[in-house]
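Source file model_29.txt; content: compact mmCIF, C-alpha atoms.
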# COMPACT_ATOMS: atom_id res chain seq x y z
CA MET A 1 103.45 92.91 78.34
CA ALA A 2 102.23 93.56 74.80
CA PHE A 3 98.58 94.42 74.30
CA THR A 4 96.79 96.06 71.40
CA PRO A 5 95.65 99.49 72.64
CA LEU A 6 92.08 100.24 71.66
CA THR A 7 93.07 103.84 70.97
CA SER A 8 95.41 102.66 68.18
CA LEU A 9 92.52 101.14 66.20
CA ASP A 10 90.06 102.68 63.76
CA VAL A 11 86.79 102.39 65.68
CA ALA A 12 84.51 104.41 63.41
CA GLY A 13 81.30 102.41 62.96
CA ARG A 14 82.73 99.42 64.85
CA ARG A 15 80.86 97.60 67.60
CA LEU A 16 82.98 97.68 70.73
CA ALA A 17 81.95 95.07 73.30
CA VAL A 18 83.69 96.54 76.34
CA ARG A 19 84.15 94.68 79.60
CA ALA A 20 84.08 97.53 82.13
CA ASP A 21 84.13 97.46 85.91
CA LEU A 22 81.16 99.56 86.98
CA ASN A 23 80.73 97.68 90.25
CA VAL A 24 79.89 100.76 92.29
CA PRO A 25 78.21 101.17 95.69
CA LEU A 26 74.45 101.71 95.48
CA THR A 27 72.11 103.66 97.71
CA ARG A 28 68.33 103.88 97.77
CA ASP A 29 68.56 106.83 95.38
CA GLY A 30 71.07 105.31 92.95
CA VAL A 31 74.87 105.29 92.72
CA GLY A 32 76.67 106.15 95.95
CA ASP A 33 80.14 106.74 94.46
CA ALA A 34 80.48 107.21 90.70
CA THR A 35 84.31 107.28 90.59
CA ARG A 36 84.59 104.10 88.52
CA ILE A 37 81.87 105.21 86.13
CA ALA A 38 83.51 108.61 85.60
CA ARG A 39 86.91 107.06 84.88
CA PHE A 40 85.46 104.56 82.44
CA ALA A 41 83.49 107.28 80.65
CA ARG A 42 86.57 109.47 80.31
CA GLY A 43 88.24 106.83 78.15
CA MET A 44 85.11 106.00 76.12
CA LYS A 45 83.97 109.51 75.18
CA PRO A 46 86.69 110.13 72.54
CA LEU A 47 85.90 106.74 70.96
CA LEU A 48 82.18 107.54 70.80
CA ASP A 49 83.05 110.89 69.22
CA GLN A 50 84.91 108.92 66.54
CA GLY A 51 81.75 106.97 65.76
CA ALA A 52 82.24 103.80 67.81
CA ARG A 53 79.12 101.81 68.73
CA LEU A 54 79.46 100.90 72.39
CA ILE A 55 78.10 97.78 74.12
CA VAL A 56 78.98 97.90 77.83
CA LEU A 57 79.37 94.74 79.93
CA THR A 58 79.85 94.84 83.70
CA HIS A 59 79.06 93.00 86.89
CA LEU A 60 77.40 94.53 89.93
CA GLY A 61 77.63 92.97 93.38
CA ARG A 62 77.53 89.23 94.04
CA PRO A 63 74.23 87.78 92.82
CA ASN A 64 75.83 84.31 92.45
CA GLY A 65 74.14 83.52 89.17
CA GLU A 66 70.68 84.51 90.38
CA LEU A 67 68.43 87.23 88.96
CA THR A 68 68.56 89.78 91.76
CA PRO A 69 66.46 92.90 91.08
CA ALA A 70 68.44 95.02 93.55
CA LEU A 71 71.59 94.34 91.51
CA THR A 72 70.31 95.05 88.03
CA THR A 73 72.72 97.22 86.07
CA GLU A 74 69.73 99.23 84.86
CA ARG A 75 70.28 101.22 88.05
CA LEU A 76 73.55 102.48 86.54
CA VAL A 77 71.96 104.01 83.44
CA PRO A 78 71.45 107.57 84.78
CA ALA A 79 74.99 107.85 86.17
CA LEU A 80 76.57 106.37 83.04
CA ALA A 81 74.51 108.64 80.77
CA GLU A 82 75.57 111.69 82.78
CA ALA A 83 79.25 110.67 82.68
CA LEU A 84 79.21 109.99 78.93
CA GLY A 85 77.07 113.00 78.12
CA ARG A 86 74.73 111.00 75.91
CA LYS A 87 71.74 108.67 76.07
CA VAL A 88 72.36 105.12 77.32
CA MET A 89 70.00 102.32 76.28
CA PHE A 90 69.58 99.19 78.39
CA ASN A 91 69.15 95.53 77.54
CA ASP A 92 67.92 93.09 80.18
CA THR A 93 70.28 90.33 79.07
CA CYS A 94 74.02 90.33 78.39
CA VAL A 95 74.16 87.47 75.91
CA GLY A 96 72.00 85.90 73.21
CA PRO A 97 70.33 86.80 69.91
CA ILE A 98 68.26 89.72 71.24
CA VAL A 99 71.22 91.69 72.57
CA GLU A 100 73.23 90.75 69.48
CA ARG A 101 70.55 92.25 67.24
CA ARG A 102 70.32 95.38 69.38
CA GLY A 103 74.09 95.78 69.24
CA GLU A 104 74.09 95.44 65.46
CA ALA A 105 71.34 98.07 65.22
CA LEU A 106 73.31 100.69 67.17
CA GLN A 107 74.20 103.83 65.26
CA PRO A 108 77.65 105.46 65.51
CA GLY A 109 78.05 107.12 68.90
CA GLU A 110 75.23 105.15 70.54
CA VAL A 111 75.57 103.20 73.80
CA LEU A 112 73.93 100.02 75.03
CA LEU A 113 74.40 98.86 78.63
CA CYS A 114 73.80 95.15 79.20
CA GLU A 115 72.41 93.37 82.24
CA ASN A 116 74.62 92.16 85.10
CA LEU A 117 77.15 89.60 83.88
CA ARG A 118 76.94 87.74 87.18
CA PHE A 119 73.27 86.95 86.62
CA GLU A 120 74.76 84.34 84.26
CA ARG A 121 75.96 81.25 86.14
CA GLY A 122 78.71 80.71 83.59
CA GLU A 123 80.40 84.06 84.26
CA GLU A 124 82.27 83.08 87.41
CA GLN A 125 82.83 79.56 86.05
CA ASN A 126 84.65 80.93 82.98
CA ASP A 127 82.18 79.07 80.75
CA PRO A 128 83.58 79.03 77.19
CA ARG A 129 80.06 79.03 75.73
CA LEU A 130 79.20 82.22 77.59
CA GLY A 131 82.57 83.67 76.59
CA ALA A 132 81.87 82.94 72.92
CA GLY A 133 78.45 84.57 73.21
CA LEU A 134 79.93 87.71 74.76
CA ALA A 135 82.64 87.84 72.09
CA ARG A 136 79.97 87.86 69.35
CA LEU A 137 78.61 91.16 70.65
CA GLY A 138 81.47 93.18 69.20
CA ASP A 139 83.62 93.61 66.14
CA ILE A 140 86.31 94.20 68.75
CA TYR A 141 86.16 92.72 72.25
CA VAL A 142 87.73 95.11 74.72
CA ASN A 143 88.97 94.51 78.25
CA ASP A 144 88.82 97.84 80.08
CA ALA A 145 88.54 96.23 83.51
CA PHE A 146 92.04 95.71 84.87
CA SER A 147 90.39 95.47 88.28
CA CYS A 148 88.73 92.19 87.25
CA CYS A 149 91.74 90.54 85.62
CA HIS A 150 92.75 88.56 88.70
CA ARG A 151 89.68 86.33 88.24
CA ALA A 152 89.28 83.72 85.48
CA HIS A 153 85.75 84.71 84.49
CA ALA A 154 84.02 84.33 81.15
CA SER A 155 84.02 88.06 80.42
CA THR A 156 87.74 88.52 81.15
CA THR A 157 89.19 85.26 79.93
CA ALA A 158 86.97 82.98 77.81
CA ALA A 159 85.52 85.89 75.81
CA VAL A 160 88.97 87.29 75.06
CA LEU A 161 90.19 83.91 73.84
CA ALA A 162 87.05 83.40 71.72
CA ALA A 163 87.01 86.84 70.08
CA GLU A 164 88.44 87.36 66.61
CA ARG A 165 89.86 90.74 67.54
CA VAL A 166 90.67 92.02 71.04
CA ALA A 167 92.11 95.18 72.54
CA ALA A 168 92.99 96.71 75.89
CA GLY A 169 90.89 99.70 76.86
CA PRO A 170 92.22 103.10 77.95
CA LEU A 171 91.50 102.69 81.67
CA PHE A 172 93.07 99.21 81.64
CA LEU A 173 96.26 100.60 80.12
CA ALA A 174 96.34 103.61 82.45
CA GLU A 175 96.12 101.33 85.50
CA LEU A 176 98.87 99.08 84.21
CA ALA A 177 101.19 101.96 83.24
CA ALA A 178 100.83 103.55 86.67
CA LEU A 179 101.65 100.31 88.48
CA GLN A 180 104.60 99.51 86.23
CA GLY A 181 106.00 103.00 86.71
CA ALA A 182 105.74 102.81 90.50
CA LEU A 183 107.12 99.30 90.92
CA ASP A 184 109.25 98.40 87.91
CA GLU A 185 110.84 101.79 87.23
CA PRO A 186 110.51 103.85 90.42
CA GLN A 187 112.37 107.13 90.69
CA SER A 188 114.67 107.11 93.71
CA PRO A 189 114.26 107.63 96.62
CA SER A 190 111.18 105.42 96.56
CA VAL A 191 108.87 104.94 99.53
CA ALA A 192 105.99 102.53 100.10
CA LEU A 193 103.31 103.13 102.73
CA ILE A 194 101.83 99.78 103.73
CA GLY A 195 99.01 99.56 106.27
CA GLY A 196 95.62 97.96 106.59
CA GLY A 197 94.35 95.21 108.84
CA SER A 198 95.23 91.65 107.90
CA VAL A 199 98.83 90.57 107.40
CA ALA A 200 98.20 87.60 105.10
CA PRO A 201 97.27 89.56 101.93
CA ARG A 202 100.39 91.73 102.26
CA LEU A 203 103.14 89.17 102.86
CA GLY A 204 103.62 88.55 99.16
CA LEU A 205 103.46 92.27 98.48
CA LEU A 206 106.20 93.04 101.01
CA LYS A 207 108.45 90.30 99.64
CA ARG A 208 108.15 91.80 96.17
CA LEU A 209 108.63 95.38 97.34
CA VAL A 210 111.77 94.73 99.39
CA PRO A 211 114.21 94.45 96.42
CA LYS A 212 112.54 97.31 94.51
CA ILE A 213 111.73 100.05 97.06
CA ASN A 214 114.19 102.04 99.18
CA THR A 215 112.00 102.53 102.27
CA ILE A 216 108.79 100.91 103.54
CA LEU A 217 106.71 102.71 106.17
CA LEU A 218 104.36 100.44 108.10
CA GLY A 219 101.09 101.11 109.89
CA GLY A 220 97.96 99.25 110.94
CA GLY A 221 97.90 95.51 111.47
CA ILE A 222 101.04 94.87 109.45
CA ALA A 223 103.01 97.17 111.77
CA ASN A 224 101.55 95.31 114.77
CA ALA A 225 102.82 92.05 113.28
CA PHE A 226 106.39 93.34 112.95
CA LEU A 227 106.40 94.78 116.47
CA PHE A 228 104.93 91.59 117.96
CA ALA A 229 107.52 89.46 116.16
CA ARG A 230 110.25 91.66 117.66
CA GLY A 231 108.91 91.16 121.18
CA TYR A 232 107.10 94.44 121.81
CA SER A 233 103.86 94.55 123.77
CA ILE A 234 100.89 95.56 121.66
CA GLY A 235 98.19 95.00 124.29
CA ARG A 236 94.82 93.90 122.89
CA SER A 237 95.61 95.18 119.42
CA PHE A 238 94.70 93.19 116.33
CA ILE A 239 97.39 90.59 115.72
CA GLU A 240 97.93 87.40 113.71
CA PRO A 241 100.71 85.66 115.69
CA GLU A 242 100.93 82.80 113.19
CA TYR A 243 102.76 85.15 110.79
CA ALA A 244 105.56 86.13 113.17
CA GLU A 245 108.14 83.98 111.38
CA ASP A 246 107.06 85.34 108.00
CA VAL A 247 107.57 88.96 109.00
CA LEU A 248 110.97 88.17 110.50
CA GLU A 249 111.91 86.55 107.18
CA ILE A 250 110.82 89.70 105.35
CA ALA A 251 112.87 91.83 107.74
CA ALA A 252 115.93 89.67 106.97
CA LEU A 253 115.33 89.93 103.22
CA ALA A 254 115.06 93.70 103.54
CA GLU A 255 118.38 93.92 105.36
CA VAL A 256 120.10 91.97 102.60
CA ALA A 257 118.45 94.10 99.89
CA GLY A 258 119.24 97.40 101.60
CA CYS A 259 115.58 98.23 102.01
CA ARG A 260 114.70 100.11 105.21
CA ILE A 261 111.51 98.92 106.93
CA VAL A 262 110.28 101.56 109.38
CA THR A 263 107.77 100.80 112.12
CA PRO A 264 105.93 103.29 114.38
CA ASP A 265 107.61 104.53 117.55
CA ASP A 266 104.40 105.82 119.11
CA PHE A 267 100.70 105.07 118.86
CA VAL A 268 97.25 106.36 119.67
CA VAL A 269 95.54 103.81 121.94
CA ALA A 270 92.13 103.31 123.54
CA GLY A 271 90.18 100.59 125.32
CA PHE A 272 88.22 99.86 122.15
CA GLN A 273 87.25 101.45 118.85
CA ARG A 274 84.43 103.98 119.23
CA VAL A 275 83.80 107.58 118.26
CA GLY A 276 84.38 109.86 121.24
CA ILE A 277 86.15 107.31 123.41
CA ASN A 278 89.07 108.50 125.55
CA SER A 279 92.28 107.97 123.56
CA TYR A 280 95.87 109.13 124.02
CA PRO A 281 99.36 108.67 122.56
CA VAL A 282 101.90 106.28 124.08
CA PRO A 283 105.49 105.48 123.08
CA LEU A 284 106.72 102.16 121.73
CA GLY A 285 106.74 99.69 124.61
CA GLY A 286 104.12 101.66 126.52
CA VAL A 287 100.97 99.90 125.28
CA ARG A 288 99.15 98.53 128.33
CA ALA A 289 97.67 95.04 128.29
CA ASN A 290 94.07 96.32 128.19
CA ARG A 291 94.61 98.89 125.40
CA ARG A 292 94.44 98.67 121.62
CA ILE A 293 96.61 100.41 119.03
CA LEU A 294 94.17 102.26 116.76
CA ASP A 295 96.44 104.70 114.92
CA ILE A 296 100.04 105.78 114.53
CA GLY A 297 101.08 108.50 117.00
CA PRO A 298 102.11 112.14 116.42
CA ASN A 299 105.87 111.42 116.56
CA THR A 300 105.48 108.68 113.96
CA ILE A 301 103.41 110.96 111.73
CA ALA A 302 106.17 113.60 111.85
CA ARG A 303 108.90 111.01 111.21
CA TYR A 304 107.04 109.48 108.26
CA GLN A 305 106.41 112.96 106.82
CA ASP A 306 110.15 113.70 107.00
CA ILE A 307 110.93 110.51 105.08
CA LEU A 308 108.21 111.22 102.49
CA ARG A 309 109.56 114.75 101.92
CA ASP A 310 112.57 113.33 100.05
CA ALA A 311 110.63 110.67 98.11
CA ARG A 312 110.29 110.81 94.35
CA THR A 313 108.10 107.71 94.00
CA ILE A 314 105.41 106.90 96.57
CA LEU A 315 103.35 103.71 96.56
CA TRP A 316 100.50 103.38 99.07
CA ASN A 317 98.36 100.42 100.09
CA GLY A 318 96.33 100.35 103.29
CA PRO A 319 95.44 103.03 105.89
CA MET A 320 97.69 103.72 108.85
CA GLY A 321 94.97 103.17 111.47
CA THR A 322 91.28 102.49 111.91
CA TYR A 323 90.48 105.43 109.63
CA GLU A 324 86.73 104.78 109.61
CA THR A 325 86.43 105.91 113.26
CA PRO A 326 87.63 109.43 114.16
CA PRO A 327 89.96 110.43 115.69
CA PHE A 328 91.86 107.31 114.60
CA ASP A 329 91.96 108.59 111.02
CA ALA A 330 94.49 111.30 111.95
CA GLY A 331 97.59 109.40 110.81
CA THR A 332 96.10 108.44 107.44
CA ARG A 333 94.79 111.97 106.86
CA ALA A 334 98.07 113.67 107.72
CA LEU A 335 100.17 111.42 105.48
CA ALA A 336 97.63 111.58 102.64
CA GLN A 337 97.78 115.38 102.74
CA SER A 338 101.59 115.27 102.71
CA VAL A 339 101.68 112.93 99.69
CA ALA A 340 99.09 115.05 97.90
CA GLU A 341 101.13 118.20 98.49
CA LEU A 342 104.31 116.56 97.18
CA THR A 343 102.42 115.38 94.10
CA ARG A 344 100.83 118.78 93.43
CA SER A 345 104.26 120.38 93.70
CA GLY A 346 105.65 118.00 91.09
CA LEU A 347 108.17 116.57 93.53
CA ALA A 348 106.83 112.99 93.59
CA VAL A 349 104.87 110.47 91.57
CA SER A 350 102.24 108.88 93.80
CA VAL A 351 100.27 105.70 93.17
CA ALA A 352 97.72 104.36 95.65
CA GLY A 353 95.32 101.45 95.55
CA GLY A 354 93.24 98.95 97.45
CA GLY A 355 89.63 99.24 98.56
CA ASP A 356 90.23 100.73 102.02
CA THR A 357 92.92 103.03 100.65
CA LEU A 358 90.59 104.45 98.01
CA VAL A 359 87.86 105.10 100.58
CA ALA A 360 90.30 106.70 103.02
CA LEU A 361 91.77 109.03 100.39
CA ASN A 362 88.31 110.02 99.17
CA ARG A 363 87.28 110.82 102.75
CA THR A 364 90.38 112.95 103.15
CA GLY A 365 89.51 114.77 99.93
CA VAL A 366 92.93 114.39 98.29
CA ALA A 367 92.48 111.36 96.01
CA HIS A 368 92.35 113.61 92.93
CA ASP A 369 95.77 115.07 93.83
CA PHE A 370 97.59 111.73 93.61
CA THR A 371 99.22 110.84 90.30
CA HIS A 372 97.06 107.72 90.15
CA VAL A 373 94.58 106.17 92.55
CA SER A 374 93.72 102.67 91.44
CA THR A 375 90.17 101.38 91.65
CA ALA A 376 91.43 97.85 91.08
CA GLY A 377 91.11 96.54 94.64
CA GLY A 378 92.25 92.91 94.79
CA ALA A 379 93.82 93.09 91.33
CA PHE A 380 96.01 95.97 92.51
CA LEU A 381 97.48 93.79 95.26
CA GLU A 382 97.81 90.66 93.14
CA TRP A 383 99.63 92.51 90.37
CA LEU A 384 102.00 94.10 92.88
CA GLU A 385 102.65 90.65 94.34
CA GLY A 386 103.57 89.35 90.89
CA ARG A 387 100.82 86.74 90.71
CA THR A 388 99.56 85.36 87.41
CA MET A 389 96.39 87.20 86.40
CA PRO A 390 94.12 85.25 84.03
CA GLY A 391 92.70 88.33 82.32
CA LEU A 392 96.15 89.68 81.48
CA ASP A 393 97.35 86.24 80.44
CA ALA A 394 94.43 85.90 77.99
CA LEU A 395 95.20 89.25 76.36
CA GLU A 396 98.87 88.37 76.07
CA ARG A 397 98.06 85.03 74.47
CA LYS A 398 95.88 86.75 71.87
CA ALA A 399 98.60 89.33 71.18
CA ASP A 400 101.19 86.57 70.69
CA ALA A 401 98.87 84.74 68.29
CA ALA A 402 98.12 87.83 66.21

So, in terms of structure tokens, how does the structure I just supplied come out?
Amino acid sequence: MAFTPLTSLDVAGRRLAVRADLNVPLTRDGVGDATRIARFARGMKPLLDQGARLIVLTHLGRPNGELTPALTTERLVPALAEALGRKVMFNDTCVGPIVERRGEALQPGEVLLCENLRFERGEEQNDPRLGAGLARLGDIYVNDAFSCCHRAHASTTAAVLAAERVAAGPLFLAELAALQGALDEPQSPSVALIGGGSVAPRLGLLKRLVPKINTILLGGGIANAFLFARGYSIGRSFIEPEYAEDVLEIAALAEVAGCRIVTPDDFVVAGFQRVGINSYPVPLGGVRANRRILDIGPNTIARYQDILRDARTILWNGPMGTYETPPFDAGTRALAQSVAELTRSGLAVSVAGGGDTLVALNRTGVAHDFTHVSTAGGAFLEWLEGRTMPGLDALERKADAA
């Protein structure tokens, strides 16, 4: 993939219309988790110091083309100003002559945050007229939102194709480099931790990982699916029986490729998911009909830690259990701490991503110790699966035409 890096361009005095992903959780008092804002700001600060004039475009929530006061991006101004270390102005539209004039009037080093892109009906419809209007905001149109590239929206696709000059932002390139390093050029031995609830979103991921990764450690609903397909009792645990043939196919592909797929050999079970409920470990085959698997067991934790100890590349998507309800977060916490320790020691490169994974690692307090924790959510999975991503495709087309 060939993109023009924004950092390779002379940005002094230039208007940079930057598509960011500042879609952060909000509370009554403001921003609940500023991780995405901090990462975006880290890449923009050197450019502002060089005299760039910054016009920031982002979505927030799902207003579905309606003006929704609770989702105005004006609520992001204090957090963005703090992260950038400078004043942030706000414009209550993201397209049109008023915001164009305000962008042109910016002085070097100044920042203008525009209103929620998804207040515009044409954003999610990839409206070329909206795209052209967004492109006019900058001398250079910048995609710094890898996390939004799996959607053909006006700000990620039509605007890129309409702009005279485009570039990939620093956070975009960092995300892509981390994923390419973990999947396309992994140091061996390589290990993938795959968990989470639903099987369907991870079938394509597993098929792509099998020829590239040495060992895959399973937890959560995807582990249930493999065990169910092999005839083990999983009680009342979450299961999608319609995918039994798919997981058996993946197991066969792994055997041919020499990839080891490892499933839990013990579990923590309970009658249902609730804080403080009576729970206990049971071995494989010992899950009673009225019990649910809610976490991997202590033997599995120890076995997975032994395998991880020799890993040089670690890729993680999805928690090992129902991490949001203690004590069923124990497996995820223990393995996260092990991966963090390996990374801190310089023994492994670790890349993690996916919405639940990011939350789980933040709760464990070790996300900052991983080599890279992606904020890309759905885009993280779709890239790993090898799907076509419209935002990346648009940037490649512009690079080929240049």

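Counting only C-alpha atoms, the residue from A:Arg344, A:Pro241, A:Tyr280, A:Thr375 that sits nearest to Asn23 (chain A) is A:Thr375.
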
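Residues lying within 7 Å of Val142 (chain A), counting only C-alpha atoms and ignoring same-chain neighbours fewer than 5 positions away, are Leu16, Ala17, Val18, Arg19, Val166, Ala167, Ala168 and Gly169 of chain A.
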
Tell me, as a PyMOL selection string, which residues lie within 9 Å of Ala20 (chain A), counting all atoms listed in the file; anything in the same chain fewer than 6 positions away does not count.
chain A and resi 37+40+56-59+142-146+148+169

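The spacing separating CA of Leu342 (chain A) from CA of Gly204 (chain A) amounts to 28.1 Å.
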
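Atom pair CA of Ala394 (chain A) / CA of Ala177 (chain A): separated by 18.2 Å.
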
What's around Leu361 (chain A) at 12 Å? Count only C-alpha atoms, leave out sequence neighbours fewer than 4 positions away in its own chain, and write the answer as a PyMOL selection string.
chain A and resi 316-320+323-324+329+331-340+351-357+365-370+372-375

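Minimum atom-to-atom distances from A:Glu245, A:Glu240, A:Asp33, A:Glu110 to Leu358 (chain A) were compared using only C-alpha atoms, and the lowest value belongs to A:Asp33.
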
The residue from A:Ala302, A:Ala70, A:Ala79, A:Val349 with the smallest atom-to-atom distance to Thr35 (chain A), counting all atoms listed in the file, is A:Ala79

May I ask for the distance between CA of Pro128 (chain A) and CA of Glu164 (chain A), given in Å to one decimal place?
14.3 Å

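Among the candidates A:Gly271, A:Gly85, A:Gly386, A:Gly391, the one nearest to Lys207 (chain A) when counting all atoms listed in the file is A:Gly386.
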
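Minimum distance to Leu205 (chain A) across A:Glu120, A:Glu385, A:Arg303, A:Ala12 (counting all atoms listed in the file) occurs at A:Glu385.
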
I want to know what sits within 12 Å of Pro69 (chain A), based on all atoms listed in the file, with residues of the same chain fewer than 6 positions away left out; could you give that as a PyMOL selection string?
chain A and resi 60-61+63+75+92+115-116+119

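The smallest atom-to-atom distance between Arg42 (chain A) and any of A:Val282, A:Ala225, A:Ala174, A:Met89, using only C-alpha atoms, is found for A:Ala174.
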
Neighbour list for Ala2 (chain A) as a ChimeraX atom specification, cut-off 10 Å, only C-alpha atoms, skip fewer than 6 positions in-chain:
/A:168,392,395-400

Spatial sel., origin (101.8, 96.7, 105.2), limit 7 Å, only C-alpha atoms, listed as number ranges by chain
A: 194-196, 202, 218-219, 222-223, 318

Could you model N, CA and C atoms for region 187-205 of chain A and present them as a PDB file, in the frame of the given file?
ATOM      1  N   GLN A 187     111.335 106.129  90.489  1.00  0.00           N
ATOM      2  CA  GLN A 187     112.370 107.130  90.690  1.00  0.00           C
ATOM      3  C   GLN A 187     112.827 107.051  92.147  1.00  0.00           C
ATOM      4  N   SER A 188     114.099 107.225  92.370  1.00  0.00           N
ATOM      5  CA  SER A 188     114.670 107.110  93.710  1.00  0.00           C
ATOM      6  C   SER A 188     114.886 108.505  94.316  1.00  0.00           C
ATOM      7  N   PRO A 189     114.669 108.624  95.625  1.00  0.00           N
ATOM      8  CA  PRO A 189     114.260 107.630  96.620  1.00  0.00           C
ATOM      9  C   PRO A 189     112.800 107.217  96.452  1.00  0.00           C
ATOM     10  N   SER A 190     112.538 105.950  96.662  1.00  0.00           N
ATOM     11  CA  SER A 190     111.180 105.420  96.560  1.00  0.00           C
ATOM     12  C   SER A 190     110.714 104.980  97.941  1.00  0.00           C
ATOM     13  N   VAL A 191     109.446 105.260  98.226  1.00  0.00           N
ATOM     14  CA  VAL A 191     108.870 104.940  99.530  1.00  0.00           C
ATOM     15  C   VAL A 191     107.531 104.256  99.335  1.00  0.00           C
ATOM     16  N   ALA A 192     107.293 103.195 100.088  1.00  0.00           N
ATOM     17  CA  ALA A 192     105.990 102.530 100.100  1.00  0.00           C
ATOM     18  C   ALA A 192     105.366 102.685 101.479  1.00  0.00           C
ATOM     19  N   LEU A 193     104.107 103.094 101.508  1.00  0.00           N
ATOM     20  CA  LEU A 193     103.310 103.130 102.730  1.00  0.00           C
ATOM     21  C   LEU A 193     102.423 101.908 102.727  1.00  0.00           C
ATOM     22  N   ILE A 194     102.609 101.021 103.681  1.00  0.00           N
ATOM     23  CA  ILE A 194     101.830  99.780 103.730  1.00  0.00           C
ATOM     24  C   ILE A 194     101.131  99.706 105.081  1.00  0.00           C
ATOM     25  N   GLY A 195      99.798  99.659 105.053  1.00  0.00           N
ATOM     26  CA  GLY A 195      99.010  99.560 106.270  1.00  0.00           C
ATOM     27  C   GLY A 195      97.897  98.558 106.110  1.00  0.00           C
ATOM     28  N   GLY A 196      96.751  98.866 106.688  1.00  0.00           N
ATOM     29  CA  GLY A 196      95.620  97.960 106.590  1.00  0.00           C
ATOM     30  C   GLY A 196      95.580  96.984 107.744  1.00  0.00           C
ATOM     31  N   GLY A 197      94.585  96.119 107.722  1.00  0.00           N
ATOM     32  CA  GLY A 197      94.350  95.210 108.840  1.00  0.00           C
ATOM     33  C   GLY A 197      95.118  93.919 108.759  1.00  0.00           C
ATOM     34  N   SER A 198      94.674  93.000 107.918  1.00  0.00           N
ATOM     35  CA  SER A 198      95.230  91.650 107.900  1.00  0.00           C
ATOM     36  C   SER A 198      96.626  91.604 107.294  1.00  0.00           C
ATOM     37  N   VAL A 199      97.457  90.749 107.862  1.00  0.00           N
ATOM     38  CA  VAL A 199      98.830  90.570 107.400  1.00  0.00           C
ATOM     39  C   VAL A 199      98.878  89.686 106.152  1.00  0.00           C
ATOM     40  N   ALA A 200      98.095  88.623 106.136  1.00  0.00           N
ATOM     41  CA  ALA A 200      98.200  87.600 105.100  1.00  0.00           C
ATOM     42  C   ALA A 200      98.204  88.157 103.676  1.00  0.00           C
ATOM     43  N   PRO A 201      97.282  89.079 103.312  1.00  0.00           N
ATOM     44  CA  PRO A 201      97.270  89.560 101.930  1.00  0.00           C
ATOM     45  C   PRO A 201      98.495  90.400 101.557  1.00  0.00           C
ATOM     46  N   ARG A 202      99.289  90.803 102.544  1.00  0.00           N
ATOM     47  CA  ARG A 202     100.390  91.730 102.260  1.00  0.00           C
ATOM     48  C   ARG A 202     101.778  91.087 102.389  1.00  0.00           C
ATOM     49  N   LEU A 203     101.837  89.820 102.756  1.00  0.00           N
ATOM     50  CA  LEU A 203     103.140  89.170 102.860  1.00  0.00           C
ATOM     51  C   LEU A 203     103.817  89.083 101.498  1.00  0.00           C
ATOM     52  N   GLY A 204     103.066  88.635 100.501  1.00  0.00           N
ATOM     53  CA  GLY A 204     103.620  88.550  99.160  1.00  0.00           C
ATOM     54  C   GLY A 204     104.002  89.919  98.616  1.00  0.00           C
ATOM     55  N   LEU A 205     103.179  90.910  98.925  1.00  0.00           N
ATOM     56  CA  LEU A 205     103.460  92.270  98.480  1.00  0.00           C
ATOM     57  C   LEU A 205     104.778  92.770  99.069  1.00  0.00           C
TER      58      LEU A 205
END
